[in-house]
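Take a look at the structure set out below.
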Amino acid sequence: MASSVVFVVLIISVYIRVVSSRHYHHHPAFNIVHFGAIPDGKTDSRQSLLHTWQRVCSSKVPAVMVIPRGTFYTSSVGFEGPCSSRRVTVVIHGVVVGPANYKKFAKQGMWFSFSDIDGLTIKGTGHLDARGQTLWECKARKGSNCPLGARLLALENVNNVLVKRLRFWNSQMFHISVNGCNNVNILEVKIKASGTSDNTDGIHIEKSTGVNIVNAHIQVGDDCISAGEGTHNLWMEDIECGPGHGISIGSLGKYQDEEEVSNITARNVKFYGTQNGFRIKSWPERYKGMVKHVLFEDSIMYNVANPIIIDQNYCPDGACTPKKPVCAITYIALMFSPIFRPYSDRSLLFLCINQGSFIEISDVKYKNIHGTSASEVAILFNCSPIYPCTGLELHDVILESQKTPLQSKCVHAHGKAIGEVSPKSCL
């Protein structure tokens with residue numbers, strides 16, 4: 001009798017496992033293990049992932065790709081659309097790891113990528129570990145002689161996206177990149193890399209509209225969140241950032257024909273020991289662009305080096321050596337030419353003599369921001385002589401230091417202060 005009961009229980013448990021592997025919340029589900037993936041952390045699951053994706057993407061009804069518990073190794077893998085149904089879902093409950101040797105995929109630019117899909121959900125309790133430490137070590141030793149690296153999760157031309165509750169660790173480069181996308185929701189994610197890792201932004205957005213990042217915990221070696229060219233209607237809320245370089249707009253102006261950045265909101269952000277708090281950065285003497293309608297509010301700085309900063313002379317590693325003598329000679333020659341004399345306006349003069357940024361920054365508001373600064377200049381608006389910053393507003397901004405009196409510094413910056421502002425506003 002006892003043996004019969006045990007047999008029945010075993011049959012029921014097997015049946016439940018089979019059913020659950022074939023359906024997920026009433027949608028057809030395809031488990032990568034059934035397509036040959038082995039959860040041993042060393043057998044390449046790339047082909048199994050692609051075969052599973054083919055079944056999910058070709059389904060006429062919304063379907064689910066399941067990465068179950070266990071550790072799965074994969075080399076670089078790209079999931080391409082368009083798909084046949086209105087939504088596809090990837091559920092990750094296990095651990096997915098990349099090659100420990102950066103040379104195996106650093107030059108490919110992406111490790112886990114999704115492209116040309118309308119209606120995508122990526123969620124679960126698992127995490128993706130790109131194991132980028134060897135590339136970080138290479139960059140620390142050899143600098144530019146190492147490849148740039150691969151992005152951990154790349155979303156390319158994907159619309160109506162939900163990324164929820166996953167963990168992203170140790171990317172070679174950006175952890176999550178959003179490029180050419182619309183209506184993207186990134187919720188409850190955790191991102192972690194060494195505070196000394198190079199170019200490991202938590203989330204980078206460009207050429208995308210309607211991106212919402214809510215309840216994210218980010219610890220990286222570069223910007224926690226960065227908004228590049230063509231970013232519109234970006235909402236960031238309930239963010240914890242640190243270590244890292246803060247939340248940045250830019251860098252902008254490095255390349256020709258960059259799209260403007262507009263309608264950026266960040267609220268309820270906590271910065272812990274970061275290099276910057278809220279930053280806007282653009283290259284000098286480069287190309288035109290625009291940043292407008294930005295709101296940073298209800299946030300706290302904990303020992304942040306540059307809590308509020310606009311840097312329009314952004315030049316990391318001395319990559320933009322001034323060319324003033326050559327440019328001044330060129331300007332003088334033009335002035336003596338009858339052809340160019342009528343055009344001796346401020347743009348020619350500033351381009352040659354002042355080396356300013358061509359990015360126009362306007363309507364940037366800082367409201368209800370408190371905390372501590374690790375540097376003497378807690379508020380720095382270092383703007384362009386060609387296009388000064390306009391419409392800047394400091395509203396109830398109180399930054400303190402226990403070590404030294406703080407100050408604010410304005411260069412070519414125009415705006416106003418409202419309510420209590422400390423250090424005293426330079427606007």
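In the structure tokens, chains take letters A, B, ... by order of appearance, with residues numbered from 1 within each chain and ligands from 1 in the order shown.
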*Where does DSSP see alpha helix (DSSP H) in range 141-384 of chain A, if you list the residues as a PyMOL selection string?*
chain A and resi 141-142+324-335+346-353
For Ser58 in chain A: contacts at 9 Å, only C-alpha atoms, fewer than 6 positions along chain excluded, given as a PDB file with all heavy atoms, in the first residue's frame:
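And here's part-v7.pdb as it stands now:
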ATOM      1  N   PRO A  82      11.273  40.532 -36.144  1.00  0.00           N
ATOM      2  CA  PRO A  82      10.002  40.633 -35.412  1.00  0.00           C
ATOM      3  C   PRO A  82       9.421  39.261 -35.084  1.00  0.00           C
ATOM      4  O   PRO A  82       9.733  38.272 -35.738  1.00  0.00           O
ATOM      5  CB  PRO A  82       9.101  41.394 -36.373  1.00  0.00           C
ATOM      6  CG  PRO A  82       9.672  41.116 -37.727  1.00  0.00           C
ATOM      7  CD  PRO A  82      11.148  40.977 -37.549  1.00  0.00           C
ATOM      8  N   CYS A  83       8.577  39.242 -34.050  1.00  0.00           N
ATOM      9  CA  CYS A  83       7.940  38.003 -33.618  1.00  0.00           C
ATOM     10  C   CYS A  83       6.488  37.967 -34.077  1.00  0.00           C
ATOM     11  O   CYS A  83       5.909  38.995 -34.446  1.00  0.00           O
ATOM     12  CB  CYS A  83       8.020  37.867 -32.098  1.00  0.00           C
ATOM     13  SG  CYS A  83       9.711  37.675 -31.482  1.00  0.00           S
ATOM     14  N   SER A  84       5.889  36.784 -34.022  1.00  0.00           N
ATOM     15  CA  SER A  84       4.552  36.583 -34.595  1.00  0.00           C
ATOM     16  C   SER A  84       3.426  37.040 -33.686  1.00  0.00           C
ATOM     17  O   SER A  84       2.337  37.373 -34.161  1.00  0.00           O
ATOM     18  CB  SER A  84       4.349  35.100 -34.933  1.00  0.00           C
ATOM     19  OG  SER A  84       5.307  34.668 -35.877  1.00  0.00           O
ATOM     20  N   SER A  85       3.656  37.069 -32.364  1.00  0.00           N
ATOM     21  CA  SER A  85       2.583  37.448 -31.446  1.00  0.00           C
ATOM     22  C   SER A  85       2.796  38.869 -30.941  1.00  0.00           C
ATOM     23  O   SER A  85       3.840  39.490 -31.178  1.00  0.00           O
ATOM     24  CB  SER A  85       2.515  36.480 -30.263  1.00  0.00           C
ATOM     25  OG  SER A  85       3.640  36.644 -29.424  1.00  0.00           O
TER      26      SER A  85
END
Counting only C-alpha atoms, what are the residues of range 165-218 of chain A within 6 Å of range 232-247 of chain A, and for each of them which pair of atoms is the nearest and at what distance in Å, to one decimal? Sort the table by chain and rising number, as JSON lines.
{"residue": "A:Gly195", "atom": "CA", "partner": "A:Pro243", "partner_atom": "CA", "distance": 5.5}
{"residue": "A:Thr209", "atom": "CA", "partner": "A:His232", "partner_atom": "CA", "distance": 4.7}
{"residue": "A:Gly210", "atom": "CA", "partner": "A:Asn233", "partner_atom": "CA", "distance": 4.9}
{"residue": "A:Val211", "atom": "CA", "partner": "A:Leu234", "partner_atom": "CA", "distance": 4.9}
{"residue": "A:Asn212", "atom": "CA", "partner": "A:Trp235", "partner_atom": "CA", "distance": 4.7}
{"residue": "A:Ile213", "atom": "CA", "partner": "A:Met236", "partner_atom": "CA", "distance": 4.8}
{"residue": "A:Val214", "atom": "CA", "partner": "A:Glu237", "partner_atom": "CA", "distance": 4.9}
{"residue": "A:Asn215", "atom": "CA", "partner": "A:Asp238", "partner_atom": "CA", "distance": 4.7}
{"residue": "A:Ala216", "atom": "CA", "partner": "A:Ile239", "partner_atom": "CA", "distance": 5.0}
{"residue": "A:His217", "atom": "CA", "partner": "A:Glu240", "partner_atom": "CA", "distance": 4.8}
{"residue": "A:Ile218", "atom": "CA", "partner": "A:Cys241", "partner_atom": "CA", "distance": 5.1}
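When CA of Val220 in chain A is paired with CA of Gly149 in chain A, their separation reads 15.2 Å.
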*Choose the residue, out of A:Lys403, A:His175, A:Lys424, A:Lys270, that has the smallest atom-to-atom separation from His370 in chain A; count only C-alpha atoms.*
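Closest to His370 in chain A of all the choices is A:Lys270.
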*Hey, what's within 12 Å of Ser144 in chain A if we count only C-alpha atoms and toss same-chain stuff fewer than 3 positions away? As a PyMOL selection string, please?*
chain A and resi 135-136+138-141+147-149+198+317+319
Generate the output file for the selected residues, N, CA and C atoms, as a PDB file, in the first residue's frame.
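What follows is the written file part.pdb:
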ATOM      1  N   LEU A 135      38.420  42.095 -18.328  1.00  0.00           N
ATOM      2  CA  LEU A 135      38.545  43.274 -19.191  1.00  0.00           C
ATOM      3  C   LEU A 135      38.840  44.523 -18.353  1.00  0.00           C
ATOM      4  N   TRP A 136      38.209  44.630 -17.185  1.00  0.00           N
ATOM      5  CA  TRP A 136      38.524  45.769 -16.312  1.00  0.00           C
ATOM      6  C   TRP A 136      40.017  45.772 -15.975  1.00  0.00           C
ATOM      7  N   CYS A 138      42.441  44.478 -17.723  1.00  0.00           N
ATOM      8  CA  CYS A 138      43.182  44.842 -18.939  1.00  0.00           C
ATOM      9  C   CYS A 138      43.205  46.358 -19.108  1.00  0.00           C
ATOM     10  N   LYS A 139      42.046  47.001 -18.946  1.00  0.00           N
ATOM     11  CA  LYS A 139      41.970  48.452 -19.103  1.00  0.00           C
ATOM     12  C   LYS A 139      42.794  49.172 -18.046  1.00  0.00           C
ATOM     13  N   ALA A 140      42.842  48.612 -16.849  1.00  0.00           N
ATOM     14  CA  ALA A 140      43.630  49.228 -15.786  1.00  0.00           C
ATOM     15  C   ALA A 140      45.122  49.161 -16.096  1.00  0.00           C
ATOM     16  N   ARG A 141      45.537  48.093 -16.803  1.00  0.00           N
ATOM     17  CA  ARG A 141      46.950  47.928 -17.130  1.00  0.00           C
ATOM     18  C   ARG A 141      47.324  48.597 -18.447  1.00  0.00           C
ATOM     19  N   PRO A 147      39.975  46.258 -25.850  1.00  0.00           N
ATOM     20  CA  PRO A 147      38.691  46.546 -26.517  1.00  0.00           C
ATOM     21  C   PRO A 147      37.748  47.283 -25.580  1.00  0.00           C
ATOM     22  N   LEU A 148      36.762  47.988 -26.164  1.00  0.00           N
ATOM     23  CA  LEU A 148      35.794  48.730 -25.362  1.00  0.00           C
ATOM     24  C   LEU A 148      34.981  47.797 -24.473  1.00  0.00           C
ATOM     25  N   GLY A 149      34.629  46.629 -25.003  1.00  0.00           N
ATOM     26  CA  GLY A 149      33.840  45.678 -24.230  1.00  0.00           C
ATOM     27  C   GLY A 149      32.434  45.534 -24.764  1.00  0.00           C
ATOM     28  N   ASP A 198      35.844  50.341 -15.412  1.00  0.00           N
ATOM     29  CA  ASP A 198      35.800  51.424 -16.396  1.00  0.00           C
ATOM     30  C   ASP A 198      34.607  51.304 -17.335  1.00  0.00           C
ATOM     31  N   ASP A 317      40.492  62.358 -19.691  1.00  0.00           N
ATOM     32  CA  ASP A 317      41.812  61.878 -20.107  1.00  0.00           C
ATOM     33  C   ASP A 317      42.506  62.824 -21.078  1.00  0.00           C
ATOM     34  N   ALA A 319      41.401  64.296 -23.726  1.00  0.00           N
ATOM     35  CA  ALA A 319      41.152  63.861 -25.110  1.00  0.00           C
ATOM     36  C   ALA A 319      40.888  65.011 -26.071  1.00  0.00           C
TER      37      ALA A 319
END
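Once Lys365 in chain A and its same-chain neighbours fewer than 6 positions away are set aside, Thr265, His293, Val294, Leu295, Phe296, Glu297, Gly391, Leu392, Glu393, Leu394, His395, Gly415, Lys416 and Ala417 of chain A remain within 10 Å of it when counting only C-alpha atoms.
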_To test your reading of the structure, identify every residue in range 217-324 of chain A that backbone DSSP assigns to strand (DSSP E or B), and report it as a PyMOL selection string._
chain A and resi 217-219+225-227+232-241+247-252+261-272+276-282+289-304+306-311
*Extract, using only C-alpha atoms, all DNA, RNA and protein residues at most 8 Å from Pro284 in chain A, discarding same-chain residues fewer than 5 positions from it, and format them as JSON, numbers by chain.*
{"A": [253, 312, 313, 314, 315, 320, 355, 356, 357, 358]}
Residues from the last selection, N, CA, C and O atoms, saved as a PDB file, in the first residue's frame:
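What landed in again_34.pdb:
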ATOM      1  N   GLY A 253      27.704  66.294 -27.792  1.00  0.00           N
ATOM      2  CA  GLY A 253      28.499  67.168 -28.630  1.00  0.00           C
ATOM      3  C   GLY A 253      29.759  66.561 -29.193  1.00  0.00           C
ATOM      4  O   GLY A 253      30.544  67.252 -29.849  1.00  0.00           O
ATOM      5  N   GLN A 312      30.467  71.914 -19.284  1.00  0.00           N
ATOM      6  CA  GLN A 312      30.503  72.024 -20.747  1.00  0.00           C
ATOM      7  C   GLN A 312      31.928  72.072 -21.281  1.00  0.00           C
ATOM      8  O   GLN A 312      32.152  72.429 -22.437  1.00  0.00           O
ATOM      9  N   ASN A 313      32.858  71.683 -20.434  1.00  0.00           N
ATOM     10  CA  ASN A 313      34.245  71.492 -20.858  1.00  0.00           C
ATOM     11  C   ASN A 313      34.681  70.069 -20.519  1.00  0.00           C
ATOM     12  O   ASN A 313      35.799  69.834 -20.087  1.00  0.00           O
ATOM     13  N   TYR A 314      33.771  69.142 -20.725  1.00  0.00           N
ATOM     14  CA  TYR A 314      34.031  67.739 -20.409  1.00  0.00           C
ATOM     15  C   TYR A 314      35.117  67.212 -21.340  1.00  0.00           C
ATOM     16  O   TYR A 314      34.971  67.235 -22.570  1.00  0.00           O
ATOM     17  N   CYS A 315      36.192  66.760 -20.748  1.00  0.00           N
ATOM     18  CA  CYS A 315      37.335  66.332 -21.561  1.00  0.00           C
ATOM     19  C   CYS A 315      38.101  65.247 -20.811  1.00  0.00           C
ATOM     20  O   CYS A 315      39.171  65.495 -20.268  1.00  0.00           O
ATOM     21  N   CYS A 320      40.773  66.232 -25.565  1.00  0.00           N
ATOM     22  CA  CYS A 320      40.520  67.365 -26.462  1.00  0.00           C
ATOM     23  C   CYS A 320      41.541  68.457 -26.176  1.00  0.00           C
ATOM     24  O   CYS A 320      41.271  69.408 -25.446  1.00  0.00           O
ATOM     25  N   GLN A 355      36.993  78.182 -27.340  1.00  0.00           N
ATOM     26  CA  GLN A 355      36.874  76.730 -27.320  1.00  0.00           C
ATOM     27  C   GLN A 355      35.639  76.267 -26.556  1.00  0.00           C
ATOM     28  O   GLN A 355      35.701  75.353 -25.755  1.00  0.00           O
ATOM     29  N   GLY A 356      34.494  76.889 -26.766  1.00  0.00           N
ATOM     30  CA  GLY A 356      33.298  76.556 -26.004  1.00  0.00           C
ATOM     31  C   GLY A 356      32.516  75.407 -26.603  1.00  0.00           C
ATOM     32  O   GLY A 356      32.730  74.985 -27.733  1.00  0.00           O
ATOM     33  N   SER A 357      31.560  74.893 -25.817  1.00  0.00           N
ATOM     34  CA  SER A 357      30.675  73.830 -26.275  1.00  0.00           C
ATOM     35  C   SER A 357      29.545  74.422 -27.117  1.00  0.00           C
ATOM     36  O   SER A 357      29.097  75.550 -26.879  1.00  0.00           O
ATOM     37  N   PHE A 358      29.075  73.657 -28.065  1.00  0.00           N
ATOM     38  CA  PHE A 358      27.967  74.088 -28.921  1.00  0.00           C
ATOM     39  C   PHE A 358      26.632  73.485 -28.474  1.00  0.00           C
ATOM     40  O   PHE A 358      25.665  73.494 -29.227  1.00  0.00           O
TER      41      PHE A 358
END
*What lies within 12 Å of Ser425 in chain A using only C-alpha atoms, ignoring chain neighbours under 2 positions off, as JSON, numbers by chain?*
{"A": [308, 377, 378, 379, 380, 381, 392, 393, 394, 395, 396, 397, 398, 399, 406, 407, 408, 409, 410, 413, 414, 415, 416, 417, 418, 419, 420, 421, 422, 423, 427]}
*Distance of CA of Ser115 in chain A from CA of Asn182 in chain A, expressed in Å to one decimal place*: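 These two atoms are separated by 12.5 Å.
Residues in contact with Phe79 in chain A at up to 8 Å, not including ones fewer than 4 positions away on its chain and judged by only C-alpha atoms, are Leu50, Trp53, Phe112, Ser113, Phe114 and Ser115 of chain A.
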*Using CA of Pro385 in chain A and CA of Asp363 in chain A as the two end points, give the distance in Å to one decimal.*
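The value is 17.4 Å.
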*Considering only C-alpha atoms, state which residue in the set A:Ser362, A:Asn263, A:Tyr272, A:Ile176 is at the smallest distance from Ser226 in chain A.*
A:Ile176
*Select, from A:Tyr73, A:Trp283, A:Tyr366, A:Phe168, the residue with the minimum atom-to-atom distance to Ala100 in chain A, counting only C-alpha atoms.*
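The closest residue to Ala100 in chain A is A:Tyr73.
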*Rank nothing, just name the residue among A:Tyr255, A:Tyr102, A:Tyr287, A:Tyr387 nearest to Asn170 in chain A, using only C-alpha atoms.*
A:Tyr102
*Nearest-residue call for Thr74 in chain A, choices A:Gly94, A:Gly318, A:Pro99, A:Pro62, using only C-alpha atoms*: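 Counting only C-alpha atoms, the residue closest to Thr74 in chain A is A:Pro99.
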